[in-house]
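Undergrad: Handing over input.pdb, PDB, C-alpha atoms.
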```pdb
ATOM      1  CA  GLN A 107       5.483   9.490 -19.237
ATOM      2  CA  VAL A 108       4.580   7.680 -16.044
ATOM      3  CA  GLN A 109       3.836   3.987 -15.732
ATOM      4  CA  LEU A 110       1.717   2.615 -12.896
ATOM      5  CA  VAL A 111       1.702  -1.059 -11.916
ATOM      6  CA  GLU A 112      -0.959  -2.225  -9.480
ATOM      7  CA  SER A 113      -1.122  -5.391  -7.425
ATOM      8  CA  GLY A 114      -3.033  -6.876  -4.532
ATOM      9  CA  GLY A 115      -6.585  -7.325  -5.778
ATOM     10  CA  GLY A 116      -8.544 -10.524  -5.380
ATOM     11  CA  LEU A 117     -11.525 -12.262  -3.841
ATOM     12  CA  VAL A 118     -12.259 -11.758  -0.166
ATOM     13  CA  GLN A 119     -15.162 -12.503   2.135
ATOM     14  CA  PRO A 120     -17.214  -9.687   3.703
ATOM     15  CA  GLY A 121     -15.381  -8.311   6.709
ATOM     16  CA  GLY A 122     -12.020  -9.292   5.287
ATOM     17  CA  SER A 123      -9.029  -7.202   4.298
ATOM     18  CA  LEU A 124      -6.905  -6.557   1.244
ATOM     19  CA  ARG A 125      -3.940  -4.334   0.547
ATOM     20  CA  LEU A 126      -3.449  -2.762  -2.848
ATOM     21  CA  SER A 127      -0.098  -1.464  -4.062
ATOM     22  CA  CYS A 128       0.765   0.800  -6.971
ATOM     23  CA  ALA A 129       4.321   1.441  -8.068
ATOM     24  CA  ALA A 130       5.035   4.433 -10.279
ATOM     25  CA  SER A 131       7.984   4.701 -12.623
ATOM     26  CA  GLY A 132       9.158   7.058 -15.332
ATOM     27  CA  SER A 133       9.116  10.853 -15.124
ATOM     28  CA  ILE A 134       8.103  11.233 -11.500
ATOM     29  CA  PHE A 135       7.947  14.712 -10.024
ATOM     30  CA  SER A 136       8.246  15.274  -6.299
ATOM     31  CA  ILE A 137       5.077  17.393  -6.272
ATOM     32  CA  ASN A 138       2.280  15.012  -7.094
ATOM     33  CA  THR A 139      -0.916  13.392  -5.961
ATOM     34  CA  MET A 140      -1.454   9.655  -6.007
ATOM     35  CA  GLY A 141      -4.726   7.972  -5.391
ATOM     36  CA  TRP A 142      -7.166   5.159  -5.906
ATOM     37  CA  PHE A 143     -10.401   5.245  -7.846
ATOM     38  CA  ARG A 144     -12.857   2.437  -8.424
ATOM     39  CA  GLN A 145     -15.486   1.550 -10.953
ATOM     40  CA  ALA A 146     -18.253  -0.953 -10.384
ATOM     41  CA  PRO A 147     -20.259  -2.427 -13.265
ATOM     42  CA  GLY A 148     -22.736   0.098 -14.624
ATOM     43  CA  LYS A 149     -21.386   2.899 -12.445
ATOM     44  CA  GLN A 150     -19.074   5.840 -12.963
ATOM     45  CA  ARG A 151     -15.499   5.791 -11.765
ATOM     46  CA  GLU A 152     -15.281   7.351  -8.320
ATOM     47  CA  LEU A 153     -12.556   8.565  -6.014
ATOM     48  CA  VAL A 154     -11.757   6.217  -3.136
ATOM     49  CA  ALA A 155      -8.781   7.965  -1.569
ATOM     50  CA  ARG A 156      -5.871  10.191  -2.525
ATOM     51  CA  ILE A 157      -2.707  11.378  -0.893
ATOM     52  CA  TYR A 158      -0.645  14.441  -1.699
ATOM     53  CA  ASN A 159       3.122  14.622  -1.533
ATOM     54  CA  THR A 160       2.557  16.667   1.649
ATOM     55  CA  ASP A 161       0.860  13.590   3.136
ATOM     56  CA  ILE A 162      -2.562  15.231   3.166
ATOM     57  CA  LYS A 163      -5.201  12.575   2.585
ATOM     58  CA  ASN A 164      -8.771  12.593   1.280
ATOM     59  CA  TYR A 165     -11.266   9.746   1.530
ATOM     60  CA  ALA A 166     -14.665   9.036   0.094
ATOM     61  CA  ASP A 167     -17.295   9.044   2.819
ATOM     62  CA  SER A 168     -18.143   5.425   2.033
ATOM     63  CA  VAL A 169     -14.664   4.199   3.021
ATOM     64  CA  LYS A 170     -13.756   6.507   5.915
ATOM     65  CA  GLY A 171     -12.698   4.520   8.955
ATOM     66  CA  ARG A 172     -12.202   1.338   6.905
ATOM     67  CA  PHE A 173      -9.600   2.212   4.281
ATOM     68  CA  THR A 174      -6.192   3.788   4.787
ATOM     69  CA  ILE A 175      -4.024   5.286   2.056
ATOM     70  CA  SER A 176      -0.291   5.694   2.482
ATOM     71  CA  ARG A 177       2.753   6.266   0.348
ATOM     72  CA  ASP A 178       6.467   5.526   0.253
ATOM     73  CA  ASN A 179       8.077   8.386  -1.620
ATOM     74  CA  ALA A 180      11.424   6.628  -1.815
ATOM     75  CA  LYS A 181       9.758   3.801  -3.727
ATOM     76  CA  ASN A 182       7.208   5.984  -5.579
ATOM     77  CA  THR A 183       4.573   3.599  -4.308
ATOM     78  CA  VAL A 184       1.100   4.177  -2.927
ATOM     79  CA  TYR A 185      -0.825   1.670  -0.839
ATOM     80  CA  LEU A 186      -4.469   1.191   0.020
ATOM     81  CA  GLN A 187      -5.202  -0.894   3.099
ATOM     82  CA  MET A 188      -8.825  -1.994   2.943
ATOM     83  CA  ASN A 189     -10.422  -3.415   6.079
ATOM     84  CA  SER A 190     -13.974  -4.448   6.928
ATOM     85  CA  LEU A 191     -14.703  -4.946   3.261
ATOM     86  CA  LYS A 192     -18.308  -4.978   2.102
ATOM     87  CA  PRO A 193     -19.917  -6.426  -1.022
ATOM     88  CA  GLU A 194     -20.499  -2.876  -2.245
ATOM     89  CA  ASP A 195     -16.729  -2.375  -2.338
ATOM     90  CA  THR A 196     -16.605  -4.786  -5.280
ATOM     91  CA  ALA A 197     -15.128  -2.956  -8.257
ATOM     92  CA  VAL A 198     -12.091  -2.541 -10.435
ATOM     93  CA  TYR A 199      -9.651  -0.353  -8.542
ATOM     94  CA  TYR A 200      -7.452   2.030 -10.502
ATOM     95  CA  CYS A 201      -4.305   3.762  -9.363
ATOM     96  CA  ASN A 202      -3.930   7.384 -10.377
ATOM     97  CA  TYR A 203      -0.939   9.720 -10.569
ATOM     98  CA  ASN A 204      -1.353  13.439 -11.125
ATOM     99  CA  SER A 205       1.324  16.095 -11.339
ATOM    100  CA  TYR A 206       1.166  19.561 -12.889
ATOM    101  CA  GLY A 207      -2.025  18.615 -14.696
ATOM    102  CA  ASP A 208      -0.671  15.411 -16.213
ATOM    103  CA  ASN A 209      -2.886  12.484 -15.309
ATOM    104  CA  TYR A 210      -1.977   8.775 -15.535
ATOM    105  CA  TRP A 211      -3.888   5.589 -14.773
ATOM    106  CA  GLY A 212      -2.953   2.055 -13.922
ATOM    107  CA  GLN A 213      -4.477  -0.925 -15.705
ATOM    108  CA  GLY A 214      -6.835  -1.685 -12.833
ATOM    109  CA  THR A 215      -7.097  -4.540 -10.376
ATOM    110  CA  GLN A 216     -10.286  -6.412  -9.541
ATOM    111  CA  VAL A 217     -11.523  -6.491  -5.959
ATOM    112  CA  THR A 218     -14.435  -8.816  -5.293
ATOM    113  CA  VAL A 219     -16.088  -9.040  -1.887
ATOM    114  CA  SER A 220     -18.356 -12.041  -1.703
ATOM    115  CA  SER A 221     -19.160 -15.002   0.503
TER     116      SER A 221
END
```
Spit out the file's structure as C-alpha cells when you get a sec.

TA:
Amino acid sequence: QVQLVESGGGLVQPGGSLRLSCAASGSIFSINTMGWFRQAPGKQRELVARIYNTDIKNYADSVKGRFTISRDNAKNTVYLQMNSLKPEDTAVYYCNYNSYGDNYWGQGTQVTVSS
C-alpha cells in the first residue's frame, strides 16, 4: 500500500502562483511514476503533469510553459509549481503514484483561481 498526502492548494488571483506538494509513504518502489491530475466540476479527470523516476516529464498542452513538475526521491515527494494561473486552472488536483501497474491517488486539494 502507498499513502499520498497532498498540500498547497488554495485561492489565488489570476496570474498568481501556487506550489503543490505530495508526499508518498508506504511500499515505495524506486521505479515509479508520480504525477498530478485535476478534475473540474462537470469534467473528466485529466493529466496535468507526470514525472518518471528517470526524471522524464510530460505536461498537458494547456499547462506547458506555466507549470513545472519536480520530485525529491529521497523524500518520496513530488511538487507542482504553478505560475501564471488562469481561472480555467480551477479544479481539484490529485496526486498519483504508479508502479508496476499499481495505481494510488491522494485525497485531492482544491485550487481556485479567481479575482

Undergrad: Using the chain letters and numbers from the file, which residues does the PyMOL selection byres ((chain A and resi 140-154) around 9) grab, as a compact mmCIF listing (two decimals) with C-alpha atoms, in the frame of the given file?

TA:
```
# COMPACT_ATOMS: atom_id res chain seq x y z
CA ASN A 138 2.28 15.01 -7.09
CA THR A 139 -0.92 13.39 -5.96
CA ALA A 155 -8.78 7.96 -1.57
CA ARG A 156 -5.87 10.19 -2.52
CA ILE A 157 -2.71 11.38 -0.89
CA TYR A 158 -0.64 14.44 -1.70
CA ASN A 159 3.12 14.62 -1.53
CA ASN A 164 -8.77 12.59 1.28
CA TYR A 165 -11.27 9.75 1.53
CA ALA A 166 -14.66 9.04 0.09
CA ASP A 167 -17.30 9.04 2.82
CA SER A 168 -18.14 5.42 2.03
CA VAL A 169 -14.66 4.20 3.02
CA PHE A 173 -9.60 2.21 4.28
CA ILE A 175 -4.02 5.29 2.06
CA ARG A 177 2.75 6.27 0.35
CA THR A 183 4.57 3.60 -4.31
CA VAL A 184 1.10 4.18 -2.93
CA TYR A 185 -0.82 1.67 -0.84
CA LEU A 186 -4.47 1.19 0.02
CA GLU A 194 -20.50 -2.88 -2.24
CA ASP A 195 -16.73 -2.38 -2.34
CA THR A 196 -16.60 -4.79 -5.28
CA ALA A 197 -15.13 -2.96 -8.26
CA VAL A 198 -12.09 -2.54 -10.44
CA TYR A 199 -9.65 -0.35 -8.54
CA TYR A 200 -7.45 2.03 -10.50
CA CYS A 201 -4.30 3.76 -9.36
CA ASN A 202 -3.93 7.38 -10.38
CA TYR A 203 -0.94 9.72 -10.57
CA ASN A 204 -1.35 13.44 -11.12
CA SER A 205 1.32 16.10 -11.34
CA GLY A 214 -6.84 -1.68 -12.83
```

Undergrad: I need the residue set behind the PyMOL selection byres ((chain A and resi 220) around 9) for this file; please write it as a ChimeraX atom specification.

TA: /A:117-120,192-193,196,218-219,221

Undergrad: What is the CA of Gln216 (chain A) to CA of Gly132 (chain A) distance in Å?

TA: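 So the answer is 24.4 Å.
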
Undergrad: Pick out the residues sitting within 6 Å of Arg125 (chain A), and hand them over as a PDB file with C-alpha atoms, in the frame of the given file; count all atoms listed in the file, and ignore anything fewer than 4 positions along from it in its own chain.

TA:
```
ATOM      1  CA  GLY A 114      -3.033  -6.876  -4.532  1.00  0.00           C
ATOM      2  CA  LEU A 186      -4.469   1.191   0.020  1.00  0.00           C
ATOM      3  CA  GLN A 187      -5.202  -0.894   3.099  1.00  0.00           C
ATOM      4  CA  MET A 188      -8.825  -1.994   2.943  1.00  0.00           C
TER       5      MET A 188
END
```

Undergrad: Could you check how far CA of Gly207 (chain A) sits from CA of Gly115 (chain A), in Å to one decimal?

TA: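 Atom-to-atom, CA of Gly207 (chain A) to CA of Gly115 (chain A), that is 27.8 Å.
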
Undergrad: Mind giving me the axis-aligned box for region 204-221 of chain A with 4 Å on every side, centre plus edges in Å to one decimal, as lines of an AutoDock Vina configuration file?

TA:
```
center_x = -8.9
center_y = 2.3
center_z = -7.9
size_x = 28.5
size_y = 42.6
size_z = 24.7
```
